[in-house]
Amino acid sequence: MKVVAISPRGYCYGVVDALTLAQRVAADPRVPRPIHILGMIVHNRHVVEDLRRQGVVTLDGADRGALLDRIDTGTVVFTAHGVSPEVKRRAEARGLTCFDATCPDVTRTHAVIEDRVQRGAHIVYIGRKGHPEPEGAMGVAPGSVHLVETIADLQELELPEGPVAVVTQTTLSQWDTEELIAACRERYPQAEVFNEICRATQLRQQAVAEQAGVTDLVLVVGDERSNNTNRLVQVAREIAGRPAYRIDSVEDIRPEWLENVGTVGVTSGSSTPTELVQQVIAYLQGLPSDGSLPAPSARAQVRLPGAVRRGSGVPPSAGSA
Ligand code: SF4
């Protein structure tokens with residue numbers, strides 16, 4: 001099997017920084033226990049399992065405020081997706097030691113929202129319902145940030161008179177977002193537009209659009225809850241016009257997908273451990289020419305980036321402890 005390893009792919013700077021911070025917190029004996037993460041630090045269950053082995057408990061659920069109510073003592077880490085100022089304030093008021101792994105690109109989005117709301121604007125926020133990033137962004141200015149996922153949502157929106165700013169989630173499809181932004185401009189011609197799709201997301205999507213054309217099939221390695229992973233599948237199908245599937249690991253590859261396939265493109269979401277992708281590539285490259293599909297060997301051992309020795313300190317600039 002010929003394999004096109006689409007590049008760039010995999011870990012982005014925001015994920016690497018978040019994982020490094022979480023592991024430094026776990027390794028530092030001065031950090032109060034227990035250590036909880038408010039939601040999945042990044043959307044990948046292999047990462048969550050690895051952190052659990054390091055003594056870090058992930059609380060999973062849709063509402064960060066409700067998750068916080070389950071922590072009485074110790075330390076809390078906020079995830080790369082960002083969290084509302086109210087959740088941060090409540091965590092500090094409860095006496096928890098707080099560390100913030102919010103990606104700088106998400107932080108910048110919060111700053112844009114705060115600034116424009118202070119100037120009297122309402123925000124049309126283009127994002128995914130149920131995803132933690134919009135939850136945090138809407139919490140920056142409750143009542144002034146209006147989540148829109150589809151054109152129909154936009155049509156139903158009734159904003160009061162006054163300035164409008166359009167702001168996007170960081171991990172959306174560039175192509176879908178262009179369409180929604182165009183609809184926003186039509187509805188609110190005076191609106192300021194801040195397309196906040198991060199550079200890492202853009203580069204990974206463009207790579208699929210440009211490099212998947214020579215493939216017969218695209219496999220995207222990543223977690224089902226990872227928005228940027230799901231968008232890569234969408235780009236492969238809708239922009240590159242190739243059949244595409246998301247897989248969690250090598251074990252998910254189905255024989256029927258590979259029938260009459262000579263070249264497979266492989267990419268991964270920005271929260272997917274590198275070892276899982278390498279295993280998929282090696283497995284496909286090693287397939288026998290008789291069309292059979294041998295069982296993959298045991299799943300690759302995941303080693304998170306930024307691993308530190310136990311007892312190492314957390315850098316003073318990290319977190320708000
Ligand atoms: S995908 Fe973009 S916004 Fe999300 S963590 Fe990575 S760099 Fe930050």
# chains A, B, ... in the order shown; residues from 1 in each chain; ligands from 1
>>> closest_atom_pairs(of="chain A", to="ligand 1", cutoff="12 Å", atoms="only C-alpha atoms and all ligand atoms", output="tab-separated table")
residue	atom	partner	partner_atom_place_in_ligand_line	distance
A:Arg9	CA	ligand 1	1 (S)	10.9
A:Gly10	CA	ligand 1	6 (Fe)	9.5
A:Tyr11	CA	ligand 1	6 (Fe)	7.4
A:Cys12	CA	ligand 1	6 (Fe)	4.7
A:Tyr13	CA	ligand 1	7 (S)	5.5
A:Gly14	CA	ligand 1	5 (S)	3.8
A:Val15	CA	ligand 1	5 (S)	4.8
A:Val16	CA	ligand 1	5 (S)	8.2
A:Asp17	CA	ligand 1	5 (S)	8.5
A:Ala18	CA	ligand 1	5 (S)	7.9
A:Leu19	CA	ligand 1	5 (S)	10.3
A:Ile41	CA	ligand 1	5 (S)	9.8
A:Val42	CA	ligand 1	5 (S)	7.8
A:His43	CA	ligand 1	5 (S)	10.0
A:Thr79	CA	ligand 1	5 (S)	9.3
A:Ala80	CA	ligand 1	5 (S)	5.6
A:His81	CA	ligand 1	4 (Fe)	6.7
A:Gly82	CA	ligand 1	3 (S)	9.4
A:Ala101	CA	ligand 1	5 (S)	9.3
A:Thr102	CA	ligand 1	5 (S)	7.7
A:Cys103	CA	ligand 1	8 (Fe)	4.6
A:Pro104	CA	ligand 1	8 (Fe)	6.6
A:Asp105	CA	ligand 1	3 (S)	5.2
A:Val106	CA	ligand 1	3 (S)	5.6
A:Thr107	CA	ligand 1	3 (S)	9.0
A:Arg108	CA	ligand 1	3 (S)	9.8
A:Thr109	CA	ligand 1	3 (S)	9.6
A:His110	CA	ligand 1	3 (S)	11.9
A:Pro132	CA	ligand 1	4 (Fe)	11.3
A:Glu133	CA	ligand 1	4 (Fe)	9.1
A:Pro134	CA	ligand 1	3 (S)	11.9
A:Thr168	CA	ligand 1	3 (S)	11.0
A:Gln169	CA	ligand 1	3 (S)	8.3
A:Thr170	CA	ligand 1	3 (S)	5.0
A:Thr171	CA	ligand 1	1 (S)	5.8
A:Leu172	CA	ligand 1	1 (S)	9.4
A:Ser173	CA	ligand 1	1 (S)	11.7
A:Glu196	CA	ligand 1	3 (S)	8.7
A:Ile197	CA	ligand 1	2 (Fe)	7.3
A:Cys198	CA	ligand 1	2 (Fe)	4.7
A:Arg199	CA	ligand 1	2 (Fe)	6.6
A:Ala200	CA	ligand 1	7 (S)	5.2
A:Thr201	CA	ligand 1	1 (S)	5.5
A:Gln202	CA	ligand 1	2 (Fe)	8.7
A:Leu203	CA	ligand 1	2 (Fe)	10.2
A:Arg204	CA	ligand 1	1 (S)	9.6
A:Gln205	CA	ligand 1	1 (S)	11.2
A:Ser226	CA	ligand 1	1 (S)	9.5
A:Asn227	CA	ligand 1	1 (S)	8.9
A:Asn228	CA	ligand 1	1 (S)	6.8
A:Thr229	CA	ligand 1	1 (S)	9.6
A:Arg231	CA	ligand 1	1 (S)	11.3
A:Leu232	CA	ligand 1	1 (S)	11.9
A:Ser268	CA	ligand 1	1 (S)	11.6
A:Gly269	CA	ligand 1	1 (S)	8.3
A:Ser270	CA	ligand 1	1 (S)	5.8
A:Ser271	CA	ligand 1	6 (Fe)	7.6
A:Thr272	CA	ligand 1	6 (Fe)	11.0
>>> residues_around(residues="Ala66 in chain A", least_positions_apart="5", cutoff="10 Å", atoms="only C-alpha atoms", output="JSON, numbers by chain")
{"A": [38, 61, 71, 87]}
>>> atom_distance(atom1="CA of Val83 in chain A", atom2="CA of Gly130 in chain A")
13.6 Å
>>> closest_residue(among="A:Arg119, A:Arg30, A:Arg89, A:Arg242", to="Glu210 in chain A", atoms="only C-alpha atoms")
A:Arg242
>>> residues_around(residues="Leu68 in chain A", least_positions_apart="3", cutoff="10 Å", atoms="only C-alpha atoms", output="MDAnalysis selection string")
chainID A and resid 36:39 59 63:65 71:72 76 87:88 90:91 94
>>> write_last_selection(atoms="C-alpha atoms", output="mmCIF file, in the first residue's frame")
data_model
loop_
_atom_site.group_PDB
_atom_site.id
_atom_site.type_symbol
_atom_site.label_atom_id
_atom_site.label_comp_id
_atom_site.auth_asym_id
_atom_site.auth_seq_id
_atom_site.Cartn_x
_atom_site.Cartn_y
_atom_site.Cartn_z
ATOM 1 C CA HIS A 36 -8.288 17.772 38.581
ATOM 2 C CA ILE A 37 -8.626 18.936 34.991
ATOM 3 C CA LEU A 38 -11.869 20.765 34.213
ATOM 4 C CA GLY A 39 -12.870 18.831 31.088
ATOM 5 C CA LEU A 59 -13.701 15.594 35.040
ATOM 6 C CA ASP A 63 -20.765 22.546 31.812
ATOM 7 C CA ARG A 64 -17.458 23.759 33.308
ATOM 8 C CA GLY A 65 -19.301 25.464 36.178
ATOM 9 C CA ILE A 71 -13.979 19.838 43.291
ATOM 10 C CA ASP A 72 -13.680 20.732 46.991
ATOM 11 C CA VAL A 76 -7.621 22.576 39.111
ATOM 12 C CA VAL A 87 -15.446 29.820 36.386
ATOM 13 C CA LYS A 88 -11.925 31.123 37.095
ATOM 14 C CA ARG A 90 -15.264 30.763 41.436
ATOM 15 C CA ALA A 91 -12.302 28.358 41.424
ATOM 16 C CA ARG A 94 -13.078 28.136 46.582
#
>>> atom_distance(atom1="CA of Tyr188 in chain A", atom2="CA of Val166 in chain A")
9.3 Å
>>> closest_residue(among="A:Val235, A:Gln279, A:Ile35, A:Ile113", to="His146 in chain A", atoms="only C-alpha atoms")
A:Ile113
>>> residues_around(residues="Ala212 in chain A", least_positions_apart="2", cutoff="12 Å", atoms="only C-alpha atoms", output="ChimeraX atom specification")
/A:3-7,204-210,214-220,232-233,235-244,263-267
